[in-house]
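So this one's run01.cif, mmCIF, C-alpha atoms:
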data_coords
#
loop_
_atom_site.label_atom_id
_atom_site.label_comp_id
_atom_site.auth_asym_id
_atom_site.auth_seq_id
_atom_site.Cartn_x
_atom_site.Cartn_y
_atom_site.Cartn_z
CA SER A 28 0.00 0.00 0.00
CA ARG A 29 1.10 3.56 -0.57
CA PHE A 30 0.63 6.53 1.73
CA THR A 31 1.48 10.16 1.25
CA LYS A 32 3.58 11.84 3.88
CA ASP A 33 0.83 14.23 4.87
CA THR A 34 -1.02 14.35 8.11
CA ASP A 35 -4.75 13.77 7.78
CA PHE A 36 -6.70 10.66 7.55
CA CYS A 37 -9.81 9.86 5.56
CA LEU A 38 -10.52 6.57 3.89
CA SER A 39 -12.18 5.86 0.62
CA TRP A 40 -11.50 2.85 -1.52
CA PHE A 41 -11.58 2.22 -5.21
CA PRO A 42 -10.61 -0.85 -7.21
CA ASP A 43 -7.59 -1.36 -9.40
CA GLY A 44 -5.96 1.85 -8.30
CA GLY A 45 -8.43 3.81 -10.38
CA ARG A 46 -11.15 6.23 -9.50
CA PRO A 47 -14.33 5.16 -11.23
CA GLY A 48 -17.39 7.32 -10.72
CA LEU A 49 -19.12 4.54 -8.83
CA PHE A 50 -17.27 2.05 -6.71
CA ALA A 51 -17.95 -0.27 -3.82
CA HIS A 52 -17.16 0.96 -0.35
CA GLY A 53 -15.59 -2.33 0.65
CA PHE A 54 -11.93 -2.49 1.47
CA ASP A 55 -9.55 -4.94 -0.12
CA PRO A 56 -5.95 -5.11 1.14
CA ASP A 57 -4.75 -5.03 -2.45
CA LEU A 58 -6.69 -1.93 -3.48
CA GLU A 59 -4.81 1.28 -4.04
CA ALA A 60 -5.37 3.93 -1.44
CA SER A 61 -5.77 7.54 -2.04
CA VAL A 62 -5.31 10.04 0.70
CA ILE A 63 -6.60 13.44 1.18
CA GLY A 64 -4.56 16.19 2.22
CA ARG A 65 -1.48 17.69 3.36
CA GLU A 66 -1.17 18.98 6.88
CA VAL A 67 -4.54 17.87 7.99
CA LYS A 68 -6.63 18.43 5.02
CA SER A 69 -9.29 15.95 4.50
CA TRP A 70 -10.52 13.21 6.55
CA ASP A 71 -7.82 12.38 8.58
CA VAL A 72 -7.28 8.77 8.68
CA LYS A 73 -4.84 8.03 5.98
CA GLY A 74 -4.23 4.77 4.52
CA LYS A 75 -5.19 2.37 1.90
CA GLY A 76 -8.18 4.12 0.77
CA ARG A 77 -9.27 7.63 1.28
CA TRP A 78 -10.76 7.68 4.71
CA LEU A 79 -7.57 7.10 6.43
CA ARG A 80 -6.49 10.56 6.64
CA ALA A 81 -7.83 12.36 9.52
CA GLN A 82 -5.39 14.52 11.34
CA ILE A 83 -2.84 12.02 12.27
CA ASP A 84 0.77 13.05 12.28
CA LYS A 85 2.95 10.93 10.03
CA ALA A 86 -0.04 8.83 9.06
CA HIS A 87 2.06 6.96 6.51
CA GLU A 88 3.72 5.22 9.44
CA TYR A 89 0.47 3.33 10.05
CA ALA A 90 0.51 1.55 6.69
CA ALA A 91 1.33 -1.88 8.12
CA GLU A 92 -1.16 -1.47 10.98
CA VAL A 93 -4.00 -0.50 8.67
CA LYS A 94 -3.25 -3.44 6.40
CA GLN A 95 -3.44 -5.71 9.42
CA LEU A 96 -6.81 -4.24 10.43
CA VAL A 97 -8.14 -5.06 6.98
CA GLU A 98 -6.64 -8.55 6.82
CA LYS A 99 -8.08 -9.40 10.24
CA GLY A 100 -11.53 -8.30 9.11
CA LEU A 101 -11.81 -5.40 11.53
CA VAL A 102 -12.09 -2.83 8.74
CA ASN A 103 -14.10 -3.80 5.68
CA GLU A 104 -15.53 -0.39 4.82
CA ALA A 105 -14.85 3.19 5.80
CA THR A 106 -17.32 3.37 8.65
CA ASP A 107 -15.76 0.36 10.41
CA LEU A 108 -13.01 2.70 11.56
CA TYR A 109 -15.47 4.35 13.92
CA ASP A 110 -16.35 1.05 15.59
CA LEU A 111 -12.77 0.25 16.57
CA THR A 112 -11.94 0.01 20.26
CA LYS A 113 -8.67 -0.13 22.12
CA ASP A 114 -9.24 -3.81 22.83
CA HIS A 115 -9.58 -4.47 19.10
CA LEU A 116 -6.24 -2.81 18.43
CA LEU A 117 -4.35 -4.31 21.35
CA GLY A 118 -5.36 -7.74 20.10
CA LEU A 119 -3.14 -7.19 17.06
CA GLU A 120 0.59 -7.69 17.14
CA LEU A 121 1.46 -4.35 15.56
CA PHE A 122 -0.35 -2.22 18.13
CA GLY A 123 1.03 -1.20 21.47
CA ASP A 124 -0.82 0.90 24.03
CA LYS A 125 0.47 4.27 22.78
CA LYS A 126 -0.06 3.58 19.10
CA ALA A 127 -3.59 2.32 19.75
CA GLU A 128 -4.46 5.48 21.69
CA ASN A 129 -2.98 7.72 19.01
CA LEU A 130 -4.92 6.02 16.23
CA LEU A 131 -8.21 6.11 18.14
CA SER A 132 -7.70 9.80 18.97
CA ALA A 133 -7.07 10.56 15.30
CA ILE A 134 -10.19 8.66 14.25
CA GLU A 135 -12.29 10.59 16.79
CA ALA A 136 -10.84 13.91 15.63
CA SER A 137 -11.67 13.02 12.03
CA LYS A 138 -15.38 13.31 12.74
CA GLY A 139 -15.30 17.08 12.86
CA ARG A 140 -13.35 17.96 9.72
CA GLY A 141 -16.34 19.13 7.72
CA LEU A 142 -18.04 18.51 4.40
CA ALA A 143 -15.17 19.51 2.10
CA ARG A 144 -12.94 16.79 3.50
CA VAL A 145 -15.73 14.26 3.40
CA LEU A 146 -16.35 14.95 -0.30
CA TYR A 147 -12.68 14.75 -1.14
CA GLY A 148 -12.28 11.66 0.99
CA LEU A 149 -15.01 9.84 -0.90
CA GLY A 150 -12.73 9.68 -3.93
CA ILE A 151 -15.43 10.75 -6.39
CA ARG A 152 -14.14 10.73 -9.92
CA HIS A 153 -13.18 14.21 -11.19
CA VAL A 154 -13.76 15.80 -7.77
CA GLY A 155 -10.44 16.99 -6.42
CA GLU A 156 -9.63 18.87 -3.27
CA LYS A 157 -10.40 22.31 -4.66
CA ALA A 158 -13.71 21.24 -6.19
CA ALA A 159 -14.70 19.56 -2.92
CA MET A 160 -14.07 22.80 -1.05
CA VAL A 161 -16.00 24.89 -3.59
CA LEU A 162 -18.98 22.51 -3.39
CA ALA A 163 -18.93 22.44 0.41
CA GLU A 164 -18.77 26.22 0.65
CA HIS A 165 -21.64 26.56 -1.78
CA PHE A 166 -24.07 23.95 -0.42
CA HIS A 167 -22.93 23.76 3.24
CA ALA A 168 -24.62 20.38 3.78
CA LEU A 169 -24.32 17.03 2.04
CA ASP A 170 -28.07 16.46 1.88
CA ARG A 171 -28.51 19.74 -0.03
CA LEU A 172 -25.85 18.70 -2.52
CA MET A 173 -27.42 15.27 -3.00
CA GLU A 174 -30.78 16.92 -3.75
CA ALA A 175 -29.35 19.44 -6.24
CA THR A 176 -29.99 19.14 -9.97
CA GLU A 177 -27.14 18.69 -12.41
CA ALA A 178 -27.92 22.10 -13.92
CA ARG A 179 -27.75 23.71 -10.48
CA VAL A 180 -24.36 22.19 -9.73
CA GLN A 181 -22.99 23.32 -13.10
CA GLU A 182 -23.79 26.93 -12.24
CA ILE A 183 -20.98 26.88 -9.67
CA PRO A 184 -17.65 28.27 -10.97
CA ASP A 185 -15.10 25.58 -11.92
CA ILE A 186 -17.71 22.79 -11.82
CA GLY A 187 -18.28 21.48 -15.33
CA PRO A 188 -20.85 19.01 -16.72
CA VAL A 189 -18.56 15.97 -16.47
CA MET A 190 -17.75 16.62 -12.81
CA ALA A 191 -21.38 17.43 -11.94
CA ARG A 192 -22.68 14.25 -13.57
CA SER A 193 -20.00 12.02 -12.05
CA MET A 194 -20.52 13.42 -8.59
CA LEU A 195 -24.31 13.24 -8.55
CA GLU A 196 -24.32 9.70 -9.95
CA TYR A 197 -21.95 8.68 -7.21
CA LEU A 198 -23.78 10.44 -4.40
CA ARG A 199 -27.15 8.99 -5.44
CA HIS A 200 -25.93 5.44 -5.77
CA PRO A 201 -27.53 3.13 -3.15
CA SER A 202 -24.14 2.10 -1.75
CA THR A 203 -23.28 5.76 -1.19
CA THR A 204 -26.55 6.59 0.54
CA ARG A 205 -25.95 3.65 2.90
CA LEU A 206 -22.42 4.88 3.56
CA VAL A 207 -23.66 8.40 4.26
CA GLU A 208 -26.24 7.07 6.74
CA LYS A 209 -23.52 5.16 8.58
CA LEU A 210 -21.23 8.21 8.64
CA HIS A 211 -24.06 10.26 10.11
CA GLU A 212 -24.72 7.60 12.74
CA ALA A 213 -21.01 7.59 13.61
CA GLY A 214 -21.15 11.33 14.27
CA VAL A 215 -19.15 12.46 11.25
CA ALA A 216 -19.85 16.10 10.31
CA LEU A 217 -21.53 16.26 6.91
CA THR A 218 -21.86 20.04 6.90
CA GLU A 219 -19.55 22.99 6.31
CA GLU A 220 -19.88 26.22 8.26
CA ALA A 221 -19.95 29.43 6.27
CA ALA A 222 -16.75 31.42 6.60
CA LYS A 223 -17.15 34.34 9.01
CA GLY A 224 -15.55 37.76 9.03
CA PRO A 225 -14.97 40.47 6.40
CA LYS A 226 -15.07 39.64 2.68
CA PRO A 227 -12.46 41.93 1.08
CA PHE A 228 -12.19 39.69 -2.00
CA HIS A 229 -15.91 39.41 -2.69
CA GLY A 230 -16.45 38.86 -6.41
CA LEU A 231 -12.71 38.70 -7.21
CA ALA A 232 -10.99 35.79 -8.97
CA PHE A 233 -7.39 34.83 -8.16
CA VAL A 234 -5.01 32.44 -9.88
CA PHE A 235 -1.77 31.25 -8.26
CA THR A 236 1.30 30.11 -10.15
CA GLY A 237 4.81 29.22 -9.05
CA GLU A 238 6.05 28.43 -5.55
CA LEU A 239 5.18 30.79 -2.70
CA SER A 240 7.83 31.06 -0.01
CA ASN A 241 5.70 31.38 3.12
CA LEU A 242 2.35 29.95 2.08
CA SER A 243 1.34 26.70 0.48
CA ARG A 244 -0.88 26.97 -2.58
CA HIS A 245 -3.67 25.33 -0.59
CA ASP A 246 -3.41 27.87 2.24
CA ALA A 247 -3.25 30.84 -0.12
CA GLU A 248 -6.35 29.69 -1.99
CA ALA A 249 -8.13 29.09 1.33
CA LEU A 250 -7.39 32.70 2.35
CA VAL A 251 -8.93 33.93 -0.88
CA ARG A 252 -12.07 31.88 -0.32
CA GLN A 253 -12.32 33.01 3.30
CA GLY A 254 -12.19 36.57 2.01
CA GLY A 255 -15.12 35.93 -0.29
CA GLY A 256 -13.06 35.48 -3.47
CA ARG A 257 -12.63 32.63 -5.89
CA ALA A 258 -9.44 30.66 -6.47
CA ALA A 259 -9.46 29.59 -10.11
CA SER A 260 -7.18 27.14 -11.87
CA GLY A 261 -6.82 28.96 -15.19
CA VAL A 262 -6.26 32.53 -16.35
CA SER A 263 -9.00 34.23 -18.38
CA ARG A 264 -10.37 37.70 -18.98
CA HIS A 265 -12.50 37.15 -15.89
CA THR A 266 -9.40 36.77 -13.68
CA ASP A 267 -8.71 39.77 -11.44
CA TYR A 268 -5.29 38.85 -10.04
CA VAL A 269 -2.54 36.35 -10.83
CA VAL A 270 -0.23 35.79 -7.85
CA VAL A 271 3.23 34.74 -9.03
CA GLY A 272 5.77 32.85 -6.96
CA ALA A 273 9.15 31.34 -7.81
CA ASN A 274 9.43 29.37 -11.06
CA PRO A 275 6.06 30.44 -12.46
CA ARG A 276 4.57 28.61 -15.39
CA SER A 277 2.79 29.90 -18.46
CA LYS A 278 -0.01 31.45 -16.43
CA SER A 279 2.07 34.57 -15.77
CA GLN A 280 2.57 35.02 -19.52
CA GLN A 281 -1.11 34.50 -20.13
CA ALA A 282 -1.87 37.17 -17.52
CA LYS A 283 0.40 39.66 -19.28
CA LYS A 284 -1.23 38.99 -22.65
CA LEU A 285 -4.70 39.46 -21.21
CA GLY A 286 -3.78 42.52 -19.15
CA VAL A 287 -4.55 40.81 -15.84
CA LYS A 288 -2.90 42.38 -12.81
CA ILE A 289 0.07 40.39 -11.50
CA LEU A 290 1.04 40.32 -7.83
CA ASP A 291 4.07 38.84 -6.09
CA GLU A 292 3.70 37.13 -2.72
CA GLN A 293 4.36 40.27 -0.69
CA GLN A 294 1.80 42.26 -2.65
CA PHE A 295 -0.74 39.50 -2.10
CA LYS A 296 -0.08 39.58 1.65
CA LYS A 297 -0.46 43.34 1.64
CA LEU A 298 -3.78 42.95 -0.10
CA LEU A 299 -4.83 40.49 2.61
CA ARG A 300 -4.10 43.07 5.30
CA GLN A 301 -6.15 45.84 3.71
#

Let's see the structure in the file written out as structure tokens.
Amino acid sequence: SRFTKDTDFCLSWFPDGGRPGLFAHGFDPDLEASVIGREVKSWDVKGKGRWLRAQIDKAHEYAAEVKQLVEKGLVNEATDLYDLTKDHLLGLELFGDKKAENLLSAIEASKGRGLARVLYGLGIRHVGEKAAMVLAEHFHALDRLMEATEARVQEIPDIGPVMARSMLEYLRHPSTTRLVEKLHEAGVALTEEAAKGPKPFHGLAFVFTGELSNLSRHDAEALVRQGGGRAASGVSRHTDYVVVGANPRSKSQQAKKLGVKILDEQQFKKLLRQ
């Protein structure tokens, strides 16, 4: 199994290492895992499938333990993680007292990460981390998203017809509705609170390119969204600012051609403080 070196921990499984739009929620030790996040980003229980990524430091170090949980039949689907007890873990050779407590604490903490991480953790085809966040911020609750029409979802910036169709087919599949019911029963948050505070970027679209020295791309885009703006992936005439870091790609050239205002990292931070 492969883990990323990030911290969270959210589990979602898909066969053959792929990400089909609809897949079973069962867990096979030989399935490829996909993890969400970097520094506590998505569901915080990282491992062989995207539910194992819930705020656990160095989650990749649990690869062998998670595999053992699956092979022993203690984890067959994502929601089984929330039924684990310390006695379950201490009955396995790879778990000592401290490691068992750490894993259980991480699983408990994963319940409150919010809708964006849940959506990303589900491993829905075409729905990446940014799209998951945009959808969560727009609908605020999973049940509202599941009830939305395809046309309604497509009205959201950066959500195209392919993504909308794939996501809604997945969310409305019987196996998904059963999974969602179990997550709700386990106490997992399926909502996203609206960002509070001033909205200095309301109506503005930002694009980031290159490497920022003091902010990750994820954090910079999150600041834009918190300020009421939109973090887009491509430059167009509708882009208001392109923030350029070290080793920028073609986006900075595109911005110049289109007359879009270009900011460096310090200028972006200054804009944040205004």

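Taking atom CA of A:Leu146 and atom CA of A:Met160 as the two end points, the separation is 8.2 Å.
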
* **Length of the atom CA of A:Arg192 to atom CA of A:Glu208 vector [Å]** => 21.8 Å

* What is the atom CA of A:Pro188-atom CA of A:Glu164 distance in Å, reported with one decimal? -> 18.9 Å

Exercise: residues within 10 Å of coordinate (-12.4, 21.7, -1.2), counting all atoms listed in the file, as a PDB file with C-alpha atoms, in the frame of the given file:
ATOM      1  CA  LYS A  68      -6.630  18.430   5.020  1.00  0.00           C
ATOM      2  CA  SER A  69      -9.290  15.950   4.500  1.00  0.00           C
ATOM      3  CA  LEU A 142     -18.040  18.510   4.400  1.00  0.00           C
ATOM      4  CA  ALA A 143     -15.170  19.510   2.100  1.00  0.00           C
ATOM      5  CA  ARG A 144     -12.940  16.790   3.500  1.00  0.00           C
ATOM      6  CA  VAL A 145     -15.730  14.260   3.400  1.00  0.00           C
ATOM      7  CA  LEU A 146     -16.350  14.950  -0.300  1.00  0.00           C
ATOM      8  CA  TYR A 147     -12.680  14.750  -1.140  1.00  0.00           C
ATOM      9  CA  VAL A 154     -13.760  15.800  -7.770  1.00  0.00           C
ATOM     10  CA  GLY A 155     -10.440  16.990  -6.420  1.00  0.00           C
ATOM     11  CA  GLU A 156      -9.630  18.870  -3.270  1.00  0.00           C
ATOM     12  CA  LYS A 157     -10.400  22.310  -4.660  1.00  0.00           C
ATOM     13  CA  ALA A 158     -13.710  21.240  -6.190  1.00  0.00           C
ATOM     14  CA  ALA A 159     -14.700  19.560  -2.920  1.00  0.00           C
ATOM     15  CA  MET A 160     -14.070  22.800  -1.050  1.00  0.00           C
ATOM     16  CA  VAL A 161     -16.000  24.890  -3.590  1.00  0.00           C
ATOM     17  CA  LEU A 162     -18.980  22.510  -3.390  1.00  0.00           C
ATOM     18  CA  ALA A 163     -18.930  22.440   0.410  1.00  0.00           C
ATOM     19  CA  GLU A 164     -18.770  26.220   0.650  1.00  0.00           C
ATOM     20  CA  HIS A 245      -3.670  25.330  -0.590  1.00  0.00           C
ATOM     21  CA  ALA A 249      -8.130  29.090   1.330  1.00  0.00           C
TER      22      ALA A 249
END

Spell out the residues picked by the PyMOL selection byres ((chain A and resi 113-122) around 9) here, as a CSV table (one decimal) with C-alpha atoms, in the coordinates of the input.
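Now in out-v4.csv:
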chain,number,residue,atom,x,y,z
A,91,ALA,CA,1.3,-1.9,8.1
A,92,GLU,CA,-1.2,-1.5,11.0
A,95,GLN,CA,-3.4,-5.7,9.4
A,96,LEU,CA,-6.8,-4.2,10.4
A,99,LYS,CA,-8.1,-9.4,10.2
A,101,LEU,CA,-11.8,-5.4,11.5
A,111,LEU,CA,-12.8,0.2,16.6
A,112,THR,CA,-11.9,0.0,20.3
A,123,GLY,CA,1.0,-1.2,21.5
A,124,ASP,CA,-0.8,0.9,24.0
A,125,LYS,CA,0.5,4.3,22.8
A,126,LYS,CA,-0.1,3.6,19.1
A,127,ALA,CA,-3.6,2.3,19.8
A,128,GLU,CA,-4.5,5.5,21.7
A,131,LEU,CA,-8.2,6.1,18.1

* Asked: Of the candidates A:Leu250, A:His167, A:Asn241, A:Leu172, which one gets nearest to A:Thr218 if we count all atoms listed in the file?
  -> A:His167

* To do: Skip A:Pro227 itself and residues of its chain fewer than 3 positions away, then list as a ChimeraX atom specification all residues within 8 Å of it, counting all atoms listed in the file.
  => /A:254-256,299,301

Output stretch 162-176 of chain A with N, CA and C atoms present, as a PDB file, keeping the file's coordinate frame.
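What follows is the written file part-v9.pdb:
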ATOM      1  N   LEU A 162     -17.647  23.094  -3.567  1.00  0.00           N
ATOM      2  CA  LEU A 162     -18.980  22.510  -3.390  1.00  0.00           C
ATOM      3  C   LEU A 162     -19.459  22.632  -1.947  1.00  0.00           C
ATOM      4  N   ALA A 163     -18.560  22.366  -1.009  1.00  0.00           N
ATOM      5  CA  ALA A 163     -18.930  22.440   0.410  1.00  0.00           C
ATOM      6  C   ALA A 163     -19.279  23.865   0.806  1.00  0.00           C
ATOM      7  N   GLU A 164     -18.516  24.827   0.315  1.00  0.00           N
ATOM      8  CA  GLU A 164     -18.770  26.220   0.650  1.00  0.00           C
ATOM      9  C   GLU A 164     -20.058  26.735   0.016  1.00  0.00           C
ATOM     10  N   HIS A 165     -20.441  26.121  -1.089  1.00  0.00           N
ATOM     11  CA  HIS A 165     -21.640  26.560  -1.780  1.00  0.00           C
ATOM     12  C   HIS A 165     -22.905  25.946  -1.178  1.00  0.00           C
ATOM     13  N   PHE A 166     -22.869  24.638  -0.897  1.00  0.00           N
ATOM     14  CA  PHE A 166     -24.070  23.950  -0.420  1.00  0.00           C
ATOM     15  C   PHE A 166     -24.145  23.839   1.100  1.00  0.00           C
ATOM     16  N   HIS A 167     -23.012  23.795   1.766  1.00  0.00           N
ATOM     17  CA  HIS A 167     -22.930  23.760   3.240  1.00  0.00           C
ATOM     18  C   HIS A 167     -23.424  22.474   3.893  1.00  0.00           C
ATOM     19  N   ALA A 168     -24.129  21.626   3.187  1.00  0.00           N
ATOM     20  CA  ALA A 168     -24.620  20.380   3.780  1.00  0.00           C
ATOM     21  C   ALA A 168     -24.708  19.309   2.690  1.00  0.00           C
ATOM     22  N   LEU A 169     -24.340  18.098   3.025  1.00  0.00           N
ATOM     23  CA  LEU A 169     -24.320  17.030   2.040  1.00  0.00           C
ATOM     24  C   LEU A 169     -25.715  16.721   1.508  1.00  0.00           C
ATOM     25  N   ASP A 170     -26.733  16.778   2.361  1.00  0.00           N
ATOM     26  CA  ASP A 170     -28.070  16.460   1.880  1.00  0.00           C
ATOM     27  C   ASP A 170     -28.550  17.461   0.829  1.00  0.00           C
ATOM     28  N   ARG A 171     -28.147  18.739   0.970  1.00  0.00           N
ATOM     29  CA  ARG A 171     -28.510  19.740  -0.030  1.00  0.00           C
ATOM     30  C   ARG A 171     -27.823  19.447  -1.367  1.00  0.00           C
ATOM     31  N   LEU A 172     -26.581  19.028  -1.298  1.00  0.00           N
ATOM     32  CA  LEU A 172     -25.850  18.700  -2.520  1.00  0.00           C
ATOM     33  C   LEU A 172     -26.466  17.485  -3.197  1.00  0.00           C
ATOM     34  N   MET A 173     -26.836  16.489  -2.428  1.00  0.00           N
ATOM     35  CA  MET A 173     -27.420  15.270  -3.000  1.00  0.00           C
ATOM     36  C   MET A 173     -28.774  15.542  -3.656  1.00  0.00           C
ATOM     37  N   GLU A 174     -29.468  16.577  -3.194  1.00  0.00           N
ATOM     38  CA  GLU A 174     -30.780  16.920  -3.750  1.00  0.00           C
ATOM     39  C   GLU A 174     -30.687  17.880  -4.939  1.00  0.00           C
ATOM     40  N   ALA A 175     -29.504  18.442  -5.186  1.00  0.00           N
ATOM     41  CA  ALA A 175     -29.350  19.440  -6.240  1.00  0.00           C
ATOM     42  C   ALA A 175     -29.480  18.821  -7.629  1.00  0.00           C
ATOM     43  N   THR A 176     -29.925  19.615  -8.580  1.00  0.00           N
ATOM     44  CA  THR A 176     -29.990  19.140  -9.970  1.00  0.00           C
ATOM     45  C   THR A 176     -28.618  19.311 -10.613  1.00  0.00           C
TER      46      THR A 176
END
